[in-house]
Every structure is written in C-alpha cells, then in structure tokens.
$ cat start.txt   # compact mmCIF, C-alpha atoms and all ligand atoms
# COMPACT_ATOMS: atom_id res chain seq x y z
CA PHE D 16 117.75 -50.41 68.46
CA ALA D 17 114.27 -50.78 67.00
CA PRO D 18 112.16 -47.72 67.86
CA TRP D 19 109.80 -48.56 64.99
CA ASN D 20 108.52 -51.50 67.06
CA ASP D 21 107.69 -49.22 69.97
CA PRO D 22 104.18 -47.82 69.50
CA SER D 23 104.93 -44.91 71.86
CA ALA D 24 108.08 -43.82 69.99
CA LYS D 25 107.59 -40.57 68.09
CA PRO D 26 108.96 -40.34 64.56
CA TYR D 27 111.77 -37.84 64.10
CA ILE D 28 111.09 -37.27 60.44
CA ALA D 29 107.52 -37.61 59.23
CA PHE D 30 106.39 -37.41 55.63
CA GLU D 31 102.62 -37.20 55.82
CA ASN D 32 100.63 -37.82 52.63
CA ILE D 33 103.26 -36.15 50.49
CA THR D 34 102.51 -35.65 46.82
CA LYS D 35 104.89 -33.90 44.44
CA ALA D 36 103.83 -33.10 40.92
CA PHE D 37 106.05 -31.65 38.22
CA GLY D 38 103.44 -30.34 35.82
CA SER D 39 101.20 -33.30 35.10
CA PHE D 40 103.84 -35.81 36.21
CA ILE D 41 103.43 -37.21 39.72
CA ALA D 42 106.93 -37.91 41.09
CA VAL D 43 105.78 -38.70 44.65
CA ASN D 44 102.28 -39.97 45.21
CA ASP D 45 100.52 -39.59 48.57
CA LEU D 46 103.47 -40.98 50.45
CA THR D 47 103.61 -41.42 54.21
CA LEU D 48 106.87 -42.43 55.85
CA HIS D 49 108.30 -42.19 59.37
CA VAL D 50 111.97 -42.22 60.30
CA PHE D 51 113.25 -42.36 63.88
CA GLN D 52 116.03 -40.47 65.59
CA ARG D 53 119.48 -42.08 65.14
CA GLU D 54 118.14 -44.33 62.46
CA PHE D 55 120.19 -45.17 59.38
CA PHE D 56 117.39 -45.17 56.86
CA ALA D 57 117.69 -46.08 53.18
CA LEU D 58 115.42 -45.16 50.29
CA LEU D 59 115.84 -47.82 47.67
CA GLY D 60 114.30 -47.94 44.24
CA ALA D 61 114.88 -47.85 40.52
CA SER D 62 115.92 -44.68 38.75
CA GLY D 63 113.13 -42.13 38.61
CA CYS D 64 111.00 -43.58 41.43
CA GLY D 65 111.13 -40.34 43.42
CA LYS D 66 113.85 -41.02 45.99
CA SER D 67 115.85 -37.86 45.43
CA THR D 68 112.73 -35.73 45.21
CA LEU D 69 111.76 -36.94 48.66
CA LEU D 70 115.14 -35.97 50.11
CA ARG D 71 115.08 -32.62 48.34
CA MET D 72 111.70 -31.82 49.86
CA LEU D 73 113.04 -32.63 53.33
CA ALA D 74 116.07 -30.43 52.69
CA GLY D 75 113.78 -27.64 51.47
CA PHE D 76 114.99 -27.48 47.86
CA GLU D 77 111.56 -28.53 46.59
CA GLN D 78 108.11 -27.85 48.00
CA PRO D 79 105.54 -30.63 48.26
CA THR D 80 102.45 -30.13 46.12
CA SER D 81 100.41 -31.40 49.04
CA GLY D 82 100.97 -33.07 52.40
CA ARG D 83 103.34 -32.05 55.16
CA ILE D 84 106.81 -32.82 56.42
CA LEU D 85 107.60 -32.68 60.14
CA LEU D 86 111.03 -32.74 61.68
CA ASP D 87 111.13 -33.41 65.39
CA GLY D 88 107.48 -32.40 65.53
CA GLN D 89 108.02 -29.13 63.70
CA GLU D 90 106.28 -28.49 60.41
CA MET D 91 108.86 -27.64 57.72
CA SER D 92 106.77 -25.78 55.17
CA GLY D 93 107.91 -22.20 54.78
CA ILE D 94 111.27 -22.87 56.43
CA PRO D 95 114.12 -22.17 54.00
CA PRO D 96 116.81 -24.83 53.47
CA TYR D 97 119.52 -23.04 55.45
CA ARG D 98 117.30 -22.87 58.52
CA ARG D 99 116.48 -26.56 58.54
CA PRO D 100 118.59 -28.81 60.83
CA VAL D 101 119.34 -30.91 57.79
CA ASN D 102 122.32 -31.15 55.50
CA MET D 103 122.60 -32.86 52.18
CA MET D 104 125.56 -34.57 50.61
CA PHE D 105 125.44 -35.07 46.88
CA GLN D 106 126.93 -37.77 44.71
CA SER D 107 129.09 -35.26 42.85
CA TYR D 108 130.44 -34.02 46.23
CA ALA D 109 130.50 -30.49 44.85
CA LEU D 110 133.83 -29.64 46.49
CA PHE D 111 135.35 -26.26 45.62
CA PRO D 112 138.29 -27.18 43.39
CA HIS D 113 140.39 -24.10 44.18
CA MET D 114 140.10 -24.49 47.95
CA THR D 115 142.12 -26.75 50.22
CA VAL D 116 140.45 -29.58 52.08
CA GLU D 117 140.47 -27.46 55.26
CA LYS D 118 138.86 -24.52 53.53
CA ASN D 119 136.26 -26.73 51.93
CA ILE D 120 135.27 -28.06 55.34
CA ALA D 121 135.38 -24.61 56.93
CA PHE D 122 133.29 -22.95 54.24
CA GLY D 123 129.83 -23.39 55.77
CA LEU D 124 131.05 -22.61 59.26
CA LYS D 125 132.56 -19.34 58.08
CA GLN D 126 129.33 -18.41 56.35
CA ASP D 127 127.53 -18.99 59.62
CA GLY D 128 129.86 -16.51 61.28
CA MET D 129 131.58 -18.96 63.57
CA ALA D 130 134.70 -17.62 65.35
CA LYS D 131 138.03 -18.40 63.68
CA SER D 132 139.50 -20.46 66.51
CA GLU D 133 136.32 -22.45 66.82
CA ILE D 134 136.37 -23.13 63.08
CA GLU D 135 139.94 -24.39 63.32
CA ASP D 136 139.03 -26.75 66.14
CA ARG D 137 136.01 -28.03 64.31
CA VAL D 138 137.90 -28.59 61.06
CA ALA D 139 140.64 -30.51 62.89
CA GLN D 140 138.00 -32.60 64.59
CA MET D 141 136.30 -33.38 61.27
CA LEU D 142 139.58 -34.29 59.56
CA LYS D 143 140.31 -36.70 62.38
CA LEU D 144 136.85 -38.19 62.15
CA VAL D 145 137.23 -39.00 58.46
CA LYS D 146 140.88 -39.98 58.91
CA LEU D 147 142.31 -37.24 56.71
CA GLU D 148 144.48 -35.42 59.26
CA GLN D 149 147.42 -35.42 56.85
CA PHE D 150 145.45 -34.03 53.93
CA GLY D 151 144.13 -30.70 55.17
CA LYS D 152 146.37 -28.60 52.91
CA ARG D 153 145.68 -30.49 49.72
CA LYS D 154 143.27 -29.48 47.02
CA PRO D 155 140.54 -31.86 45.81
CA HIS D 156 142.40 -32.79 42.59
CA GLN D 157 145.28 -34.10 44.74
CA LEU D 158 143.01 -36.63 46.41
CA SER D 159 141.65 -40.03 45.44
CA GLY D 160 137.94 -40.54 44.85
CA GLY D 161 137.51 -42.11 48.26
CA GLN D 162 139.34 -39.25 49.98
CA ARG D 163 137.23 -36.68 48.16
CA GLN D 164 134.16 -38.53 49.29
CA ARG D 165 135.35 -38.28 52.89
CA VAL D 166 136.02 -34.54 52.55
CA ALA D 167 132.48 -34.07 51.29
CA LEU D 168 131.22 -36.06 54.23
CA ALA D 169 133.31 -34.04 56.69
CA ARG D 170 132.00 -30.85 55.17
CA SER D 171 128.39 -31.96 55.38
CA ILE D 172 128.61 -32.91 59.05
CA ALA D 173 130.84 -30.01 60.16
CA LYS D 174 127.79 -27.91 61.01
CA ARG D 175 126.46 -30.77 63.09
CA PRO D 176 123.11 -31.12 61.39
CA LYS D 177 120.58 -33.32 63.15
CA VAL D 178 119.85 -35.13 59.94
CA LEU D 179 122.26 -35.93 57.16
CA LEU D 180 120.80 -36.66 53.76
CA LEU D 181 123.01 -38.61 51.41
CA ASP D 182 122.10 -38.89 47.74
CA GLU D 183 124.00 -41.83 46.25
CA PRO D 184 126.96 -40.99 48.51
CA LEU D 185 129.18 -43.79 47.27
CA GLY D 186 128.15 -43.81 43.63
CA ALA D 187 131.46 -42.47 42.35
CA LEU D 188 133.61 -45.04 44.14
CA ASP D 189 134.75 -48.37 42.75
CA LYS D 190 133.29 -51.55 44.20
CA LYS D 191 135.98 -52.32 46.75
CA LEU D 192 136.27 -48.81 48.05
CA ARG D 193 132.50 -48.53 48.16
CA GLU D 194 132.28 -51.59 50.36
CA GLU D 195 134.91 -50.28 52.75
CA THR D 196 133.31 -46.87 52.87
CA GLN D 197 129.92 -48.38 53.69
CA PHE D 198 131.34 -49.63 56.97
CA GLU D 199 133.06 -46.32 57.64
CA LEU D 200 129.78 -44.51 57.13
CA MET D 201 128.01 -46.86 59.53
CA ASP D 202 130.70 -46.34 62.18
CA LEU D 203 130.55 -42.60 61.72
CA GLN D 204 126.81 -42.50 62.05
CA GLN D 205 127.00 -44.52 65.26
CA GLU D 206 129.73 -42.32 66.65
CA LEU D 207 127.92 -39.07 65.90
CA GLY D 208 124.45 -40.30 66.82
CA LEU D 209 122.96 -38.58 63.78
CA THR D 210 119.95 -39.59 61.77
CA PHE D 211 120.98 -40.61 58.25
CA MET D 212 118.72 -40.84 55.26
CA VAL D 213 120.46 -42.28 52.25
CA VAL D 214 119.21 -42.63 48.71
CA THR D 215 120.57 -45.52 46.72
CA HIS D 216 119.62 -47.78 43.86
CA ASP D 217 122.14 -50.38 45.05
CA GLN D 218 120.32 -52.94 47.14
CA GLU D 219 123.47 -54.44 48.63
CA GLU D 220 124.45 -51.02 49.84
CA ALA D 221 121.06 -50.46 51.43
CA MET D 222 121.08 -53.93 53.00
CA THR D 223 124.58 -53.42 54.41
CA MET D 224 124.13 -50.01 55.95
CA ALA D 225 120.54 -49.39 56.83
CA ASP D 226 118.55 -50.13 59.95
CA ARG D 227 115.47 -50.03 57.77
CA ILE D 228 114.82 -49.72 54.06
CA ALA D 229 111.90 -48.19 52.22
CA ILE D 230 111.45 -49.83 48.85
CA MET D 231 109.96 -47.35 46.43
CA ASP D 232 108.23 -47.74 43.12
CA ARG D 233 106.76 -44.95 41.02
CA GLY D 234 106.43 -42.42 43.79
CA GLN D 235 105.10 -44.81 46.39
CA VAL D 236 106.53 -46.89 49.18
CA LYS D 237 105.98 -50.61 48.67
CA GLN D 238 107.44 -51.82 51.96
CA VAL D 239 109.36 -50.42 54.91
CA ALA D 240 111.26 -53.01 56.90
CA THR D 241 114.64 -54.17 58.15
CA PRO D 242 117.02 -55.71 55.61
CA ALA D 243 116.26 -59.20 56.96
CA GLU D 244 112.53 -58.63 56.70
CA VAL D 245 112.52 -57.33 53.16
CA TYR D 246 114.55 -60.36 52.13
CA GLU D 247 112.77 -63.03 54.13
CA ALA D 248 109.28 -61.61 54.30
CA PRO D 249 108.67 -59.42 51.26
CA ASN D 250 105.08 -58.21 51.16
CA SER D 251 104.65 -58.36 47.41
CA ARG D 252 106.04 -59.77 44.20
CA PHE D 253 107.58 -56.42 43.47
CA VAL D 254 109.67 -56.43 46.66
CA ALA D 255 110.51 -60.15 46.42
CA ASP D 256 111.78 -59.61 42.92
CA PHE D 257 113.51 -56.31 43.62
CA ILE D 258 115.54 -57.54 46.60
CA GLY D 259 117.95 -60.35 45.83
CA SER D 260 117.17 -63.16 43.42
CA VAL D 261 113.97 -65.09 43.47
CA THR D 262 112.08 -67.67 41.46
CA LEU D 263 108.36 -66.99 41.31
CA PHE D 264 105.89 -69.79 40.64
CA GLU D 265 102.40 -68.78 39.74
CA GLY D 266 99.44 -71.01 40.45
CA LYS D 267 95.96 -71.46 41.81
CA VAL D 268 95.27 -72.57 45.37
CA GLU D 269 93.86 -76.10 45.18
CA LYS D 270 93.55 -76.95 48.84
CA ALA D 271 93.85 -74.91 52.01
CA GLU D 272 93.96 -76.36 55.51
CA GLY D 273 94.97 -73.75 58.00
CA ASN D 274 98.26 -72.35 56.79
CA ARG D 275 99.08 -75.42 54.71
CA ILE D 276 98.09 -75.00 51.12
CA GLU D 277 98.61 -76.72 47.83
CA ILE D 278 99.15 -74.71 44.70
CA ALA D 279 98.46 -76.16 41.27
CA GLY D 280 101.48 -74.79 39.50
CA THR D 281 101.59 -73.68 35.94
CA ASP D 282 105.03 -75.23 35.64
CA GLY D 283 103.95 -78.83 35.67
CA PHE D 284 104.22 -79.70 39.32
CA PRO D 285 102.10 -78.96 42.37
CA ILE D 286 103.63 -76.89 45.16
CA ARG D 287 102.95 -77.49 48.82
CA ALA D 288 103.34 -74.28 50.77
CA GLU D 289 102.86 -72.69 54.14
CA SER D 290 101.11 -69.38 53.86
CA ALA D 291 101.49 -66.62 56.40
CA VAL D 292 98.39 -64.96 54.99
CA ALA D 293 94.93 -66.46 54.65
CA VAL D 294 94.19 -67.72 51.15
CA THR D 295 91.12 -69.46 49.76
CA PRO D 296 90.92 -72.22 47.17
CA GLY D 297 90.73 -70.86 43.68
CA ALA D 298 92.81 -67.79 44.41
CA THR D 299 95.81 -67.06 42.21
CA VAL D 300 98.99 -66.75 44.24
CA HIS D 301 102.73 -66.68 43.75
CA TYR D 302 105.23 -68.84 45.56
CA ALA D 303 108.56 -67.05 45.87
CA ILE D 304 111.71 -68.95 46.63
CA ARG D 305 115.29 -67.78 47.09
CA PRO D 306 118.14 -69.57 45.27
CA GLU D 307 119.84 -70.74 48.47
CA LYS D 308 116.67 -72.47 49.68
CA ILE D 309 116.59 -74.91 46.76
CA ARG D 310 118.41 -78.23 46.76
CA LEU D 311 119.92 -79.74 43.66
CA THR D 312 120.31 -83.53 43.53
CA LYS D 313 120.79 -86.24 40.93
CA ALA D 314 117.88 -88.33 42.17
CA ARG D 315 114.43 -87.35 43.35
CA PRO D 316 114.53 -86.75 47.12
CA ALA D 317 113.08 -89.69 49.06
CA ASP D 318 110.79 -87.54 51.22
CA PRO D 319 107.50 -87.34 49.29
CA SER D 320 106.39 -84.22 51.15
CA VAL D 321 109.01 -81.94 49.61
CA ASN D 322 108.30 -80.13 46.36
CA ALA D 323 110.40 -81.56 43.56
CA ALA D 324 110.78 -81.16 39.83
CA GLU D 325 113.18 -82.54 37.28
CA GLY D 326 115.07 -80.36 34.90
CA GLU D 327 118.25 -79.85 32.96
CA ILE D 328 121.27 -77.91 34.14
CA TRP D 329 121.35 -74.92 31.85
CA ASP D 330 124.48 -73.25 33.13
CA ILE D 331 126.86 -73.19 36.07
CA ALA D 332 128.75 -70.14 37.32
CA TYR D 333 131.53 -70.41 39.88
CA LEU D 334 131.70 -67.21 41.93
CA GLY D 335 134.30 -68.07 44.55
CA ASP D 336 132.17 -68.11 47.69
CA MET D 337 129.31 -69.79 45.89
CA THR D 338 128.26 -71.55 42.74
CA VAL D 339 125.13 -70.54 40.87
CA PHE D 340 123.16 -73.01 38.76
CA HIS D 341 120.32 -72.37 36.37
CA VAL D 342 118.07 -75.36 35.89
CA ARG D 343 115.49 -75.47 33.12
CA LEU D 344 112.28 -77.38 33.76
CA ALA D 345 110.30 -79.13 31.03
CA SER D 346 107.88 -76.19 31.08
CA GLY D 347 110.72 -73.89 30.06
CA LYS D 348 110.88 -72.22 33.47
CA VAL D 349 114.43 -71.45 34.55
CA ILE D 350 115.21 -71.78 38.25
CA LYS D 351 118.20 -70.22 39.97
CA ILE D 352 119.96 -72.19 42.68
CA SER D 353 122.96 -71.08 44.70
CA GLN D 354 125.18 -73.22 46.86
CA MET D 355 127.90 -72.01 49.19
CA ASN D 356 131.07 -73.70 48.04
CA ALA D 357 132.32 -74.26 51.59
CA THR D 358 129.31 -76.35 52.51
CA ARG D 359 128.43 -77.81 49.12
CA GLU D 360 127.48 -81.43 48.79
CA ALA D 361 130.83 -82.47 47.36
CA GLU D 362 129.66 -85.91 46.33
CA GLU D 363 127.31 -84.44 43.76
CA PRO D 364 129.32 -82.73 41.07
CA PHE D 365 127.17 -81.46 38.25
CA GLY D 366 127.96 -80.68 34.66
CA TRP D 367 126.21 -78.57 32.05
CA ASP D 368 123.23 -80.19 30.32
CA GLU D 369 122.85 -82.93 32.94
CA GLN D 370 119.48 -83.97 34.31
CA ALA D 371 118.94 -82.96 37.93
CA TRP D 372 116.21 -82.54 40.52
CA VAL D 373 115.39 -79.31 42.22
CA SER D 374 113.55 -79.60 45.52
CA PHE D 375 112.40 -77.48 48.42
CA PRO D 376 110.24 -78.09 51.49
CA ALA D 377 106.86 -76.36 51.83
CA ASN D 378 108.15 -73.76 54.29
CA ALA D 379 111.17 -72.76 52.19
CA GLY D 380 109.28 -70.20 50.14
CA ILE D 381 106.82 -67.38 50.67
CA VAL D 382 103.23 -67.23 49.47
CA LEU D 383 102.43 -63.84 47.94
CA THR D 384 98.97 -62.61 47.09
CA SER D 385 99.93 -59.28 45.55
P1 LIG D 401 117.62 -41.47 40.32
O1 LIG D 401 118.03 -42.69 41.04
O2 LIG D 401 117.74 -41.62 38.83
O3 LIG D 401 118.21 -40.20 40.84
P2 LIG D 401 115.18 -40.90 41.74
O4 LIG D 401 114.38 -42.02 42.25
O5 LIG D 401 116.01 -40.17 42.71
O6 LIG D 401 116.03 -41.36 40.51
P3 LIG D 401 113.91 -38.39 41.26
O7 LIG D 401 115.13 -37.62 40.97
O8 LIG D 401 113.27 -38.19 42.58
O9 LIG D 401 114.16 -39.94 41.03
O10 LIG D 401 112.85 -38.09 40.13
C1 LIG D 401 111.57 -38.67 40.12
C2 LIG D 401 110.85 -38.31 38.85
O11 LIG D 401 110.53 -36.93 38.83
C3 LIG D 401 111.68 -38.57 37.60
O12 LIG D 401 110.85 -39.12 36.61
C4 LIG D 401 112.18 -37.20 37.20
O13 LIG D 401 112.34 -37.10 35.81
C5 LIG D 401 111.07 -36.29 37.70
N1 LIG D 401 111.59 -34.97 38.09
C6 LIG D 401 112.47 -34.71 39.07
N2 LIG D 401 112.71 -33.39 39.16
C7 LIG D 401 111.98 -32.79 38.20
C8 LIG D 401 111.78 -31.42 37.78
N3 LIG D 401 112.40 -30.42 38.39
N4 LIG D 401 110.94 -31.20 36.75
C9 LIG D 401 110.29 -32.22 36.15
N5 LIG D 401 110.43 -33.51 36.49
C10 LIG D 401 111.25 -33.80 37.50
$ encode --input "start.txt" --output "structure tokens" --more "lines below"
Ligand code: ATP
Amino acid sequence: FAPWNDPSAKPYIAFENITKAFGSFIAVNDLTLHVFQREFFALLGASGCGKSTLLRMLAGFEQPTSGRILLDGQEMSGIPPYRRPVNMMFQSYALFPHMTVEKNIAFGLKQDGMAKSEIEDRVAQMLKLVKLEQFGKRKPHQLSGGQRQRVALARSIAKRPKVLLLDEPLGALDKKLREETQFELMDLQQELGLTFMVVTHDQEEAMTMADRIAIMDRGQVKQVATPAEVYEAPNSRFVADFIGSVTLFEGKVEKAEGNRIEIAGTDGFPIRAESAVAVTPGATVHYAIRPEKIRLTKARPADPSVNAAEGEIWDIAYLGDMTVFHVRLASGKVIKISQMNATREAEEPFGWDEQAWVSFPANAGIVLTS
C-alpha cells in the first residue's frame, strides 16, 4: 500500500496552498498536502504548529483565509460541516454524561433520521467493533478511560464517514493503554477501509500508526514521508532533530569526490561522509547520526577509514531493552549512543567517567544541507 508512489493515483484529500490567519497571526502558511484513500495519515508537530487548525478546516469548523480543500475531487468551501463526509473525534471525547453508551453512539444517527431498527443494528455492530458489547447500558462515568475512548471512536464512525479526523485521540490514556489502543486503532482502520487523519505531538504514536507522517513547523510542512523515511532520510536538521534522537556535527566540506566527502568538524575531528545530495567544498553542512549507529569501544578502532573520537563517559542509563550512554568529547560536545542489551558487546563493560572511543563509518550518518 503506497499510492503516494504512484504518479497516476489521485489524492483523496487535497489541501492546496492553504493559509489560515487569525488576525495578524498566520497559523497555517501556504500549505499543500495530499492524502490518499485508505491512508492512515499523521500530522506531527509541536504545540501550536497548526495541526488542529488544518483538521478543523477539513471538517468545516474553520474557513481557510486562502487556498482550497478538495475531498474526493470536490471543493469543500461553502459546504457546512454536517454535509461533509468527514467526522472528527476530539481528545476530550465529548461524550454525553447522562446518556448510556448505546445512546451516545446512536445520537448522530437519530439526528440524521435513521429508522429505529437500523439504529439498533448499527449500534450493536459498533459496540462489537470496539469490543464493548457488554457495556451498552452503562453511562460514561462507569467506564475506564480506555473504554470511554472506544465509545467516542464508535460514535464517530457510526455514521460511516469516509474520513475520520482524530485530534490527539489517545492523549487522555496512560502509556500502556495508549500503546495497546494504537494497535486497535490500526486494526480498526484496516477493517473499515476508512481514511484516517490523526493529529498528534507524540512521535512514537505517529511512527507506530501512520502510513505516512507530515512533520509540521510553524504552519508549514517540513517533510511528508513514511515513518522509516523520516527517521532514516530526514530532509533537514529540523526533521532529523524532531524525530528520534540525533547527534548533529557541524562543519565545512573540505573535499568532495562524487558522493564521498570530508567534513572539517568543529568538534576536533574530521568526518568522512557519504552525501546523498551534491555538496561543494567550502559549504557548511551538518552530519546527523543516530545513537544506535555509533560504536563505543575502549580502544580506537583499527580501521583507519572509520570516523573516531575519544571522550569520557558522562552517564549511563539502563533502560531494560537498551542502555544509553552519553560521551563527552574534549570539545565539550555530548554524544548519545544506544546499545541493545541483547546484542551488546558483553566484553566491554563501561563505567561512568571512563575514557572511551566513539566511532562510526562514513555511511552511518546523513549529510544535511538545510
Ligand atoms: P496543539 O498541539 O497545542 O493543539 P496545534 O498544532 O494543533 O497545537 P493549532 O490549534 O492548530 O495548533 O493552533 C495553531 C496556532 O493558531 C496557535 O498558535 C493558536 O494559538 C492559534 N489559533 C488557533 N485557533 C485560534 C483562534 N480561533 N484565534 C486565534 N488564534 C488561534
């Protein structure tokens, strides 16, 4: 499933040059974004970057200042929220406290004038889908947070919208429940064949659930890509730094031969790199490297072609599945290294304040020019 790689595939949701201003404040700035049918799409970004505003414009609760939104080829401007084939689920769930679970789910269907027997069937179907068959007669306060979340979900898909918009859908759940529910949401989306657009500021959540992620910053999209791509091939320092952990080395390109370059680092050691983009000598670039790509050894690695620097172990954190080290170079730069405990080089136990070498081959990191 990768319609975005098919040049003939038509986007299902298209934001075209959307700008949204609140007074003099630009919340969304000339943003273009395409989402495909049946895609699980995540909008990821820091608080205030415009994620929710984008969803609200698609749902029809806000009007774009300029630009247009198309859904399945149809222009949405002028179409009121209730006539859009879109439903929105909010973080607060907004369940009616005095109504039973069944009545909460039935509410929208009733408003639409659906026949009573049909409503009953649909509600039963929804309860089964979210595994709450036994809970139909309860009121929201008699449910756990996770159960309430599932009622809200059932209610928002009961009308069978083509697109479900989820604004921080799992924000109110604790970590463990959130992780479980992420997989439930993915299964549900698959089963129903709906298009999901989810807003989150939790990158793990976006990485887990989404087919593709748009990383937003101050009303603009910085990169749209699959979780693996945003992690392994970020297009900018912003994305590299935003997704996962990274150490960034800044330097000037000394030599460039094809894709092999040498960067004169500001941290006291030269870095050999392989650049996916063309760079010329003299240019300032960043070399971004993930913690799991760095080796930690007591002696300098024998291979002279790998990048290596000596430092001091600043701290060690044991996290169960992995151990995280911070190593401080003479320049003061602190480098993060992670090692999976199951595959760790057991013969090299390290202690705090010890001298150690960090090393990484040229192709372990990414050269970034912006
Ligand atoms: P969060 O994760 O905190 O919900 P977000 O990325 O969803 O953030 P938005 O809710 O889209 O952010 O808001 C984007 C910016 O627009 C914020 O700076 C916010 O203060 C501003 N904004 C949103 N709605 C309005 C409004 N009705 N009037 C004025 N400013 C608004």
$ residues_around --input "start.txt" --residues "Arg99 (chain D)" --least-positions-apart "2" --cutoff "10 Å" --atoms "all atoms listed in the file" --output "MDAnalysis selection string"
chainID D and resid 73:75 86 91 94:97 101:102 176:178
$ closest_atom_pairs --input "start.txt" --of "chain D" --to "ligand LIG 401 (chain D)" --cutoff "10 Å" --atoms "all atoms listed in the file" --output "CSV"
residue,atom,partner,partner_atom,distance
D:Lys35,CA,D:LIG401,O11,8.5
D:Ala36,CA,D:LIG401,N5,8.0
D:Phe37,CA,D:LIG401,C9,4.8
D:Gly38,CA,D:LIG401,C9,7.1
D:Ser39,CA,D:LIG401,C9,9.2
D:Phe40,CA,D:LIG401,N5,7.0
D:Ile41,CA,D:LIG401,O11,7.2
D:Ala42,CA,D:LIG401,O11,4.4
D:Val43,CA,D:LIG401,C1,7.4
D:Leu58,CA,D:LIG401,O4,8.7
D:Leu59,CA,D:LIG401,O4,8.1
D:Gly60,CA,D:LIG401,O4,6.2
D:Ala61,CA,D:LIG401,O1,6.1
D:Ser62,CA,D:LIG401,O2,3.6
D:Gly63,CA,D:LIG401,O9,3.4
D:Cys64,CA,D:LIG401,O4,3.8
D:Gly65,CA,D:LIG401,O8,3.1
D:Lys66,CA,D:LIG401,O4,3.9
D:Ser67,CA,D:LIG401,O5,3.6
D:Thr68,CA,D:LIG401,O8,3.6
D:Leu69,CA,D:LIG401,O8,6.4
D:Leu70,CA,D:LIG401,O8,8.1
D:Arg71,CA,D:LIG401,O8,8.2
D:Met72,CA,D:LIG401,O8,9.8
D:Glu77,CA,D:LIG401,N3,8.5
D:Gln106,CA,D:LIG401,O3,9.8
D:Asp182,CA,D:LIG401,O5,8.0
D:Glu183,CA,D:LIG401,O1,8.0
D:Val214,CA,D:LIG401,O5,7.2
D:Thr215,CA,D:LIG401,O1,6.8
D:His216,CA,D:LIG401,O1,6.0
D:Asp217,CA,D:LIG401,O1,9.6
D:Met231,CA,D:LIG401,O4,8.1
D:Asp232,CA,D:LIG401,O4,8.4
D:Arg233,CA,D:LIG401,C1,8.0
D:Gly234,CA,D:LIG401,C1,7.3
$ closest_residue --input "start.txt" --among "D:Ile28, D:Val166, D:Leu46, D:Val236" --to "Lys146 (chain D)" --atoms "all atoms listed in the file"
D:Val166
$ atom_distance --input "start.txt" --atom1 "CA of Ala314 (chain D)" --atom2 "CA of Val373 (chain D)"
9.4 Å
$ closest_residue --input "start.txt" --among "D:Thr384, D:Gln370, D:Asn32, D:Thr241" --to "Thr295 (chain D)" --atoms "all atoms listed in the file"
D:Thr384
$ closest_residue --input "start.txt" --among "D:Met201, D:Ile350, D:Leu147, D:Ala255" --to "Thr223 (chain D)" --atoms "only C-alpha atoms"
D:Met201
$ closest_residue --input "start.txt" --among "D:Trp367, D:Trp372, D:Phe284, D:Phe55" --to "Gly208 (chain D)" --atoms "all atoms listed in the file"
D:Phe55
$ closest_residue --input "start.txt" --among "D:Ile276, D:Asp87, D:Val245, D:Ala357" --to "Leu334 (chain D)" --atoms "all atoms listed in the file"
D:Ala357
$ atom_distance --input "start.txt" --atom1 "CA of Ile331 (chain D)" --atom2 "CA of Phe365 (chain D)"
8.6 Å
$ atom_distance --input "start.txt" --atom1 "CA of Gly123 (chain D)" --atom2 "CA of Phe51 (chain D)"
26.5 Å
$ residues_near_point --input "start.txt" --point "(98.1, -71.2, 37.3)" --cutoff "7 Å" --atoms "all atoms listed in the file" --output "JSON, numbers by chain"
{"D": [265, 266, 267, 279, 280, 281, 299]}
$ closest_residue --input "start.txt" --among "D:Glu148, D:Glu369, D:Glu289, D:Glu135" --to "Lys270 (chain D)" --atoms "all atoms listed in the file"
D:Glu289
$ axis_aligned_box --input "start.txt" --around "region 162-177 of chain D" --padding-each-side "6 Å" --output "JSON"
{"center_x": 130.0, "center_y": -33.6, "center_z": 55.7, "size_x": 30.8, "size_y": 23.3, "size_z": 27.0}
$ build_atoms --input "start.txt" --residues "region 268-280 of chain D" --atoms "N, CA and C atoms" --output "compact mmCIF listing (two decimals), keeping the file's coordinate frame"
# COMPACT_ATOMS: atom_id res chain seq x y z
N VAL D 268 95.37 -71.80 44.13
CA VAL D 268 95.27 -72.57 45.37
C VAL D 268 94.26 -73.70 45.16
N GLU D 269 94.73 -74.94 45.34
CA GLU D 269 93.86 -76.10 45.18
C GLU D 269 93.19 -76.46 46.49
N LYS D 270 94.04 -76.56 47.52
CA LYS D 270 93.55 -76.95 48.84
C LYS D 270 94.11 -75.98 49.85
N ALA D 271 93.34 -75.74 50.91
CA ALA D 271 93.85 -74.91 52.01
C ALA D 271 93.35 -75.49 53.33
N GLU D 272 94.29 -75.88 54.16
CA GLU D 272 93.96 -76.36 55.51
C GLU D 272 94.81 -75.59 56.49
N GLY D 273 94.19 -74.64 57.14
CA GLY D 273 94.97 -73.75 58.00
C GLY D 273 95.99 -73.03 57.15
N ASN D 274 97.25 -73.06 57.57
CA ASN D 274 98.26 -72.35 56.79
C ASN D 274 98.89 -73.24 55.71
N ARG D 275 98.51 -74.51 55.71
CA ARG D 275 99.08 -75.42 54.71
C ARG D 275 98.23 -75.39 53.45
N ILE D 276 98.86 -75.07 52.36
CA ILE D 276 98.09 -75.00 51.12
C ILE D 276 98.79 -75.79 50.01
N GLU D 277 98.03 -76.09 49.00
CA GLU D 277 98.61 -76.72 47.83
C GLU D 277 98.29 -75.86 46.63
N ILE D 278 99.31 -75.58 45.86
CA ILE D 278 99.15 -74.71 44.70
C ILE D 278 99.32 -75.54 43.44
N ALA D 279 98.33 -75.48 42.56
CA ALA D 279 98.46 -76.16 41.27
C ALA D 279 99.29 -75.26 40.38
N GLY D 280 100.54 -75.66 40.21
CA GLY D 280 101.48 -74.79 39.50
C GLY D 280 101.26 -74.80 38.01
